[in-house]
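Asks: So that you have it, the file is entry-v1.pdb, and it contains PDB, C-alpha atoms:
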```pdb
ATOM      1  CA  MET A   1      15.425  -5.776 -48.745
ATOM      2  CA  GLU A   2      16.953  -5.438 -45.297
ATOM      3  CA  THR A   3      15.136  -2.800 -43.230
ATOM      4  CA  LYS A   4      18.181  -0.659 -42.442
ATOM      5  CA  ILE A   5      19.064  -0.421 -46.155
ATOM      6  CA  LEU A   6      15.460   0.230 -47.226
ATOM      7  CA  ILE A   7      15.075   3.066 -44.705
ATOM      8  CA  ALA A   8      18.503   4.470 -45.630
ATOM      9  CA  LYS A   9      17.467   4.579 -49.305
ATOM     10  CA  ASP A  10      14.175   6.230 -48.351
ATOM     11  CA  LEU A  11      15.780   8.920 -46.181
ATOM     12  CA  LEU A  12      18.319   9.762 -48.868
ATOM     13  CA  LYS A  13      15.700   9.845 -51.632
ATOM     14  CA  ILE A  14      13.578  12.489 -49.909
ATOM     15  CA  LYS A  15      16.645  14.290 -48.485
ATOM     16  CA  ALA A  16      15.570  13.677 -44.912
ATOM     17  CA  VAL A  17      19.259  12.845 -44.515
ATOM     18  CA  PHE A  18      21.359  15.001 -46.783
ATOM     19  CA  PHE A  19      25.164  14.794 -47.036
ATOM     20  CA  ARG A  20      27.205  17.836 -48.032
ATOM     21  CA  PRO A  21      30.826  17.175 -47.010
ATOM     22  CA  GLU A  22      32.186  19.866 -49.342
ATOM     23  CA  GLU A  23      29.938  22.581 -47.872
ATOM     24  CA  PRO A  24      29.359  21.675 -44.208
ATOM     25  CA  PHE A  25      26.282  22.774 -42.310
ATOM     26  CA  THR A  26      26.769  24.640 -39.026
ATOM     27  CA  TRP A  27      24.881  23.359 -35.993
ATOM     28  CA  ALA A  28      23.508  25.676 -33.298
ATOM     29  CA  SER A  29      26.484  24.629 -31.156
ATOM     30  CA  GLY A  30      28.849  25.969 -33.828
ATOM     31  CA  ILE A  31      30.025  22.494 -34.852
ATOM     32  CA  LYS A  32      30.507  22.024 -38.591
ATOM     33  CA  SER A  33      28.609  18.995 -39.883
ATOM     34  CA  PRO A  34      28.675  17.199 -43.266
ATOM     35  CA  VAL A  35      25.138  15.937 -42.706
ATOM     36  CA  TYR A  36      21.714  17.510 -42.391
ATOM     37  CA  CYS A  37      18.876  15.438 -40.936
ATOM     38  CA  ASP A  38      15.155  16.219 -40.857
ATOM     39  CA  ASN A  39      13.087  13.063 -40.455
ATOM     40  CA  ARG A  40       9.878  15.124 -40.356
ATOM     41  CA  LEU A  41      10.093  14.970 -44.152
ATOM     42  CA  THR A  42       9.167  11.272 -43.930
ATOM     43  CA  LEU A  43       5.641  12.346 -42.969
ATOM     44  CA  SER A  44       5.180  14.188 -46.273
ATOM     45  CA  ASP A  45       5.971  11.235 -48.544
ATOM     46  CA  THR A  46       3.271   8.580 -48.351
ATOM     47  CA  ASP A  47       5.467   5.686 -49.562
ATOM     48  CA  VAL A  48       8.345   6.521 -47.234
ATOM     49  CA  ARG A  49       5.945   7.150 -44.369
ATOM     50  CA  THR A  50       4.455   3.687 -44.882
ATOM     51  CA  ASP A  51       7.927   2.110 -44.897
ATOM     52  CA  VAL A  52       8.971   3.959 -41.729
ATOM     53  CA  GLU A  53       5.811   3.367 -39.675
ATOM     54  CA  THR A  54       5.579  -0.293 -40.725
ATOM     55  CA  ALA A  55       9.230  -0.791 -39.782
ATOM     56  CA  LEU A  56       8.717   0.939 -36.420
ATOM     57  CA  ALA A  57       5.762  -1.353 -35.653
ATOM     58  CA  GLU A  58       7.700  -4.475 -36.665
ATOM     59  CA  THR A  59      10.745  -3.364 -34.676
ATOM     60  CA  ILE A  60       8.668  -2.807 -31.549
ATOM     61  CA  LYS A  61       6.968  -6.192 -31.918
ATOM     62  CA  ALA A  62      10.341  -7.910 -32.329
ATOM     63  CA  ASN A  63      12.273  -6.100 -29.585
ATOM     64  CA  TYR A  64       9.584  -5.016 -27.123
ATOM     65  CA  PRO A  65       6.775  -7.586 -27.444
ATOM     66  CA  ASP A  66       5.334  -6.626 -24.045
ATOM     67  CA  ALA A  67       4.802  -2.962 -24.983
ATOM     68  CA  GLU A  68       1.511  -1.572 -23.672
ATOM     69  CA  VAL A  69       1.855   2.139 -24.527
ATOM     70  CA  LEU A  70       3.901   4.154 -27.040
ATOM     71  CA  MET A  71       5.157   7.570 -25.968
ATOM     72  CA  GLY A  72       6.477  10.030 -28.555
ATOM     73  CA  THR A  73       9.139  12.622 -27.919
ATOM     74  CA  SER A  74       8.057  16.227 -28.400
ATOM     75  CA  THR A  75       7.691  17.234 -31.096
ATOM     76  CA  ALA A  76       9.333  15.099 -33.772
ATOM     77  CA  GLY A  77       8.349  11.731 -32.312
ATOM     78  CA  ILE A  78       4.668  12.501 -31.752
ATOM     79  CA  ALA A  79       3.348  11.751 -35.249
ATOM     80  CA  HIS A  80       5.436   8.589 -35.548
ATOM     81  CA  ALA A  81       4.204   7.349 -32.165
ATOM     82  CA  ALA A  82       0.587   8.069 -33.148
ATOM     83  CA  ILE A  83       0.732   6.310 -36.516
ATOM     84  CA  THR A  84       2.691   3.335 -35.192
ATOM     85  CA  ALA A  85       0.377   2.960 -32.195
ATOM     86  CA  HIS A  86      -2.587   2.985 -34.580
ATOM     87  CA  LEU A  87      -1.012   0.216 -36.673
ATOM     88  CA  MET A  88      -0.363  -1.830 -33.518
ATOM     89  CA  GLY A  89      -3.683  -1.152 -31.829
ATOM     90  CA  LEU A  90      -1.934   0.435 -28.830
ATOM     91  CA  PRO A  91      -2.590   3.604 -26.848
ATOM     92  CA  MET A  92      -0.124   6.475 -27.208
ATOM     93  CA  GLY A  93       0.829   9.764 -25.693
ATOM     94  CA  TYR A  94       3.771  12.089 -25.693
ATOM     95  CA  VAL A  95       6.162  13.822 -23.339
ATOM     96  CA  ARG A  96       6.641  17.575 -23.414
ATOM     97  CA  SER A  97      10.113  19.071 -23.212
ATOM     98  CA  GLY A  98       8.778  21.206 -20.336
ATOM     99  CA  ALA A  99       5.627  21.190 -18.212
ATOM    100  CA  LYS A 100       2.735  23.397 -19.352
ATOM    101  CA  ASP A 101       2.366  26.664 -17.454
ATOM    102  CA  HIS A 102      -1.424  26.436 -17.499
ATOM    103  CA  GLY A 103      -4.235  23.939 -16.970
ATOM    104  CA  ARG A 104      -3.084  20.756 -15.267
ATOM    105  CA  GLN A 105       0.562  21.575 -16.063
ATOM    106  CA  ASN A 106       1.090  18.123 -17.575
ATOM    107  CA  GLN A 107       4.445  17.085 -18.929
ATOM    108  CA  ILE A 108       3.094  13.700 -20.011
ATOM    109  CA  GLU A 109       0.137  14.006 -22.373
ATOM    110  CA  GLY A 110      -2.189  11.025 -22.725
ATOM    111  CA  LYS A 111      -3.185   8.351 -20.225
ATOM    112  CA  LEU A 112      -0.322   6.591 -18.460
ATOM    113  CA  LEU A 113      -0.827   4.283 -15.484
ATOM    114  CA  PRO A 114       1.930   3.388 -12.994
ATOM    115  CA  GLY A 115       3.606   0.129 -13.955
ATOM    116  CA  GLN A 116       2.616   0.270 -17.629
ATOM    117  CA  LYS A 117       5.249  -0.972 -20.065
ATOM    118  CA  VAL A 118       6.259   1.882 -22.359
ATOM    119  CA  VAL A 119       8.313   2.212 -25.544
ATOM    120  CA  VAL A 120       9.580   5.693 -26.406
ATOM    121  CA  VAL A 121       9.359   6.656 -30.093
ATOM    122  CA  GLU A 122      12.053   9.074 -31.288
ATOM    123  CA  ASP A 123      12.951  10.261 -34.783
ATOM    124  CA  LEU A 124      16.675  10.883 -34.346
ATOM    125  CA  ILE A 125      19.363  10.164 -31.756
ATOM    126  CA  SER A 126      22.622  12.100 -31.704
ATOM    127  CA  THR A 127      23.999  12.757 -28.210
ATOM    128  CA  GLY A 128      20.950  11.177 -26.564
ATOM    129  CA  GLY A 129      20.271  13.950 -24.053
ATOM    130  CA  SER A 130      16.685  14.791 -24.986
ATOM    131  CA  VAL A 131      15.409  11.214 -25.285
ATOM    132  CA  ILE A 132      16.965  10.225 -21.960
ATOM    133  CA  GLU A 133      15.191  13.180 -20.356
ATOM    134  CA  VAL A 134      11.918  11.710 -21.693
ATOM    135  CA  VAL A 135      12.805   8.270 -20.314
ATOM    136  CA  ASN A 136      13.512   9.759 -16.876
ATOM    137  CA  ILE A 137      10.205  11.678 -16.838
ATOM    138  CA  LEU A 138       8.309   8.481 -17.663
ATOM    139  CA  ARG A 139      10.174   6.518 -15.010
ATOM    140  CA  GLU A 140       9.427   9.184 -12.418
ATOM    141  CA  ALA A 141       5.746   8.817 -13.333
ATOM    142  CA  GLY A 142       5.953   5.107 -12.513
ATOM    143  CA  ALA A 143       6.191   3.688 -16.036
ATOM    144  CA  GLU A 144       8.353   0.708 -16.887
ATOM    145  CA  VAL A 145      10.317   1.945 -19.894
ATOM    146  CA  LEU A 146      11.181  -1.082 -22.011
ATOM    147  CA  GLY A 147      13.348   0.985 -24.335
ATOM    148  CA  ILE A 148      13.482   3.353 -27.283
ATOM    149  CA  VAL A 149      12.778   2.868 -30.973
ATOM    150  CA  SER A 150      14.142   5.490 -33.366
ATOM    151  CA  ILE A 151      14.292   6.057 -37.093
ATOM    152  CA  PHE A 152      17.960   7.036 -37.284
ATOM    153  CA  THR A 153      20.985   7.201 -35.015
ATOM    154  CA  TYR A 154      24.354   8.806 -35.553
ATOM    155  CA  GLY A 155      25.944   6.238 -33.233
ATOM    156  CA  MET A 156      27.972   8.987 -31.545
ATOM    157  CA  GLN A 157      29.977   7.735 -28.576
ATOM    158  CA  LYS A 158      28.490  10.378 -26.291
ATOM    159  CA  GLY A 159      25.024   9.122 -27.130
ATOM    160  CA  LEU A 160      25.975   5.475 -26.649
ATOM    161  CA  ASP A 161      27.562   6.279 -23.276
ATOM    162  CA  ARG A 162      24.511   8.231 -22.109
ATOM    163  CA  LEU A 163      22.112   5.459 -23.092
ATOM    164  CA  ALA A 164      24.262   2.917 -21.270
ATOM    165  CA  ALA A 165      24.481   5.109 -18.158
ATOM    166  CA  ALA A 166      20.690   5.513 -18.175
ATOM    167  CA  ASP A 167      20.317   1.731 -18.598
ATOM    168  CA  VAL A 168      18.022   2.129 -21.589
ATOM    169  CA  LYS A 169      18.034   0.187 -24.852
ATOM    170  CA  ASN A 170      17.634   1.858 -28.241
ATOM    171  CA  VAL A 171      16.868   0.108 -31.519
ATOM    172  CA  SER A 172      17.141   2.257 -34.665
ATOM    173  CA  LEU A 173      15.720   1.455 -38.092
ATOM    174  CA  THR A 174      18.972   2.592 -39.710
ATOM    175  CA  ASN A 175      22.204   4.307 -38.764
ATOM    176  CA  PHE A 176      24.885   6.722 -39.905
ATOM    177  CA  ASP A 177      27.280   4.043 -41.190
ATOM    178  CA  VAL A 178      24.643   2.325 -43.312
ATOM    179  CA  ILE A 179      23.368   5.599 -44.780
ATOM    180  CA  ALA A 180      26.920   6.708 -45.624
ATOM    181  CA  GLU A 181      27.572   3.425 -47.449
ATOM    182  CA  VAL A 182      24.262   3.579 -49.341
ATOM    183  CA  ALA A 183      24.896   7.245 -50.208
ATOM    184  CA  ALA A 184      28.237   6.299 -51.777
ATOM    185  CA  GLU A 185      26.750   3.318 -53.641
ATOM    186  CA  GLU A 186      23.975   5.449 -55.107
ATOM    187  CA  GLY A 187      26.195   8.400 -56.053
ATOM    188  CA  TYR A 188      25.038  10.960 -53.485
ATOM    189  CA  ILE A 189      28.641  11.229 -52.247
ATOM    190  CA  LYS A 190      32.038   9.947 -53.355
ATOM    191  CA  THR A 191      33.346   6.712 -51.851
ATOM    192  CA  ASP A 192      36.319   8.669 -50.481
ATOM    193  CA  ASP A 193      33.888  10.780 -48.444
ATOM    194  CA  ILE A 194      32.871   7.857 -46.217
ATOM    195  CA  LYS A 195      36.062   8.102 -44.127
ATOM    196  CA  ARG A 196      35.493  11.824 -43.642
ATOM    197  CA  LEU A 197      31.903  11.255 -42.564
ATOM    198  CA  ILE A 198      32.892   8.566 -40.068
ATOM    199  CA  ALA A 199      35.667  10.828 -38.719
ATOM    200  CA  PHE A 200      33.054  13.517 -38.082
ATOM    201  CA  ARG A 201      30.721  11.042 -36.370
ATOM    202  CA  ASN A 202      33.499   9.702 -34.157
ATOM    203  CA  ASN A 203      34.586  13.170 -33.003
ATOM    204  CA  PRO A 204      32.237  16.001 -34.069
ATOM    205  CA  SER A 205      34.373  18.674 -32.369
ATOM    206  CA  ASP A 206      37.423  17.776 -34.503
ATOM    207  CA  GLU A 207      37.033  19.556 -37.847
ATOM    208  CA  SER A 208      40.142  18.065 -39.475
ATOM    209  CA  TRP A 209      37.862  15.958 -41.703
ATOM    210  CA  ILE A 210      36.848  19.110 -43.611
ATOM    211  CA  GLY A 211      40.130  19.424 -45.446
ATOM    212  CA  ALA A 212      40.882  15.708 -45.585
TER     213      ALA A 212
END
```
Please express the file's structure as structure tokens.

Replies:
Amino acid sequence: METKILIAKDLLKIKAVFFRPEEPFTWASGIKSPVYCDNRLTLSDTDVRTDVETALAETIKANYPDAEVLMGTSTAGIAHAAITAHLMGLPMGYVRSGAKDHGRQNQIEGKLLPGQKVVVVEDLISTGGSVIEVVNILREAGAEVLGIVSIFTYGMQKGLDRLAAADVKNVSLTNFDVIAEVAAEEGYIKTDDIKRLIAFRNNPSDESWIGA
């Protein structure tokens, strides 16, 4: 089975990605969303966890064969970076969202040498702001960031534009379009809902999809 479909099926099965177009969720920003995503749930299901971590390792080998260190985003990417690094026999660390206010005040945890080739491990990409902040911190520390690997991406234009502006590549195991199609095929949503979901993804601030 193709990886993006396998991971989509896994995420839907454990409700790590959960569609509810008839009763939208409200994000912290106030935006109404037909989708809820919590990829931390993948860590609690041993079969899904194996699928995800194996796919992350294979994706890194295929797209970033020169990777020397994996760096997880804090906090959701840390466990995935650790498990994947273990599978690949690579060192890992993680990047804090803010520097510690005690001790050595590190923002990068783990050993990182200037010039090392790094892949950032992220669980989810929406607008891309937080993962690009991690990339910039690593670059400022002298790392050569080869790119990002993530479990799931919405494919929002704002995120795509930010990644392009930061000149950083992202490869996701699966994406919003694939999960929407699989969700319809497996009866999680109605086929008619796909257009509404894509309309949300293309312009999250436009809530006209709710009554469509």

Asks: Can you list, as a PyMOL selection string, every protein, DNA or RNA residue that comes within 6 Å of region 155-159 of chain A when you count only C-alpha atoms, leaving out same-chain residues fewer than 5 positions away?

Replies: chain A and resi 126-128+201

Asks: CA of Lys9 (chain A) to CA of Val48 (chain A): how many Å, to one decimal?

Replies: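 Calculated distance between CA of Lys9 (chain A) and CA of Val48 (chain A) is 9.6 Å.
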
Asks: Name the residues, using the chain letters and numbers of the file, that sit within 9 Å of (12.2, 11.0, -21.2) when counting all atoms listed in the file, and give them as a ChimeraX atom specification.

Replies: /A:73,95-97,120,130-139

Asks: Which residue is closest to Lys169 (chain A)? Choose from A:Ala16, A:Pro91, A:Ser74, A:Asn63 and count only C-alpha atoms.

Replies: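 Among the listed residues, the smallest separation from Lys169 (chain A) belongs to A:Asn63.
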
Asks: So which one's closest to Gly187 (chain A), A:Lys13, A:Lys32, A:Lys4, A:Arg49? Using only C-alpha atoms, please.

Replies: A:Lys13

Asks: So, with all atoms listed in the file as the atoms that count, which of A:Glu53, A:Asp192, A:Glu144, A:Asp38 lies closest to Val168 (chain A)?

Replies: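 Smallest separation from Val168 (chain A) among the options: A:Glu144.
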
Asks: Could you list as a ChimeraX atom specification every residue that has an atom within 12 Å of (8.5, -1.7, -37.1), using the file's coordinates and counting all atoms listed in the file?

Replies: /A:3-4,7,49-65,80-81,83-85,87-88,121,149-151,171-174

Asks: Taking into account only C-alpha atoms, which residue in the set A:Asp123, A:Glu140, A:Glu185, A:Glu23 is nearest to Thr42 (chain A)?

Replies: A:Asp123

Asks: Distance CA of Asp177 (chain A)-CA of Leu43 (chain A), one decimal place?

Replies: 23.2 Å

Asks: With distances taken over all atoms listed in the file, which residue among A:Ile210, A:Pro204, A:Ala76, A:Ala143 lies nearest Trp27 (chain A)?

Replies: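 Under the stated criterion, the closest residue is A:Pro204.
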
Asks: Please, what distance in Å, to one decimal, runs between CA of Val35 (chain A) and CA of Leu197 (chain A)?

Replies: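 According to the coordinates, CA of Val35 (chain A) and CA of Leu197 (chain A) are separated by 8.2 Å.
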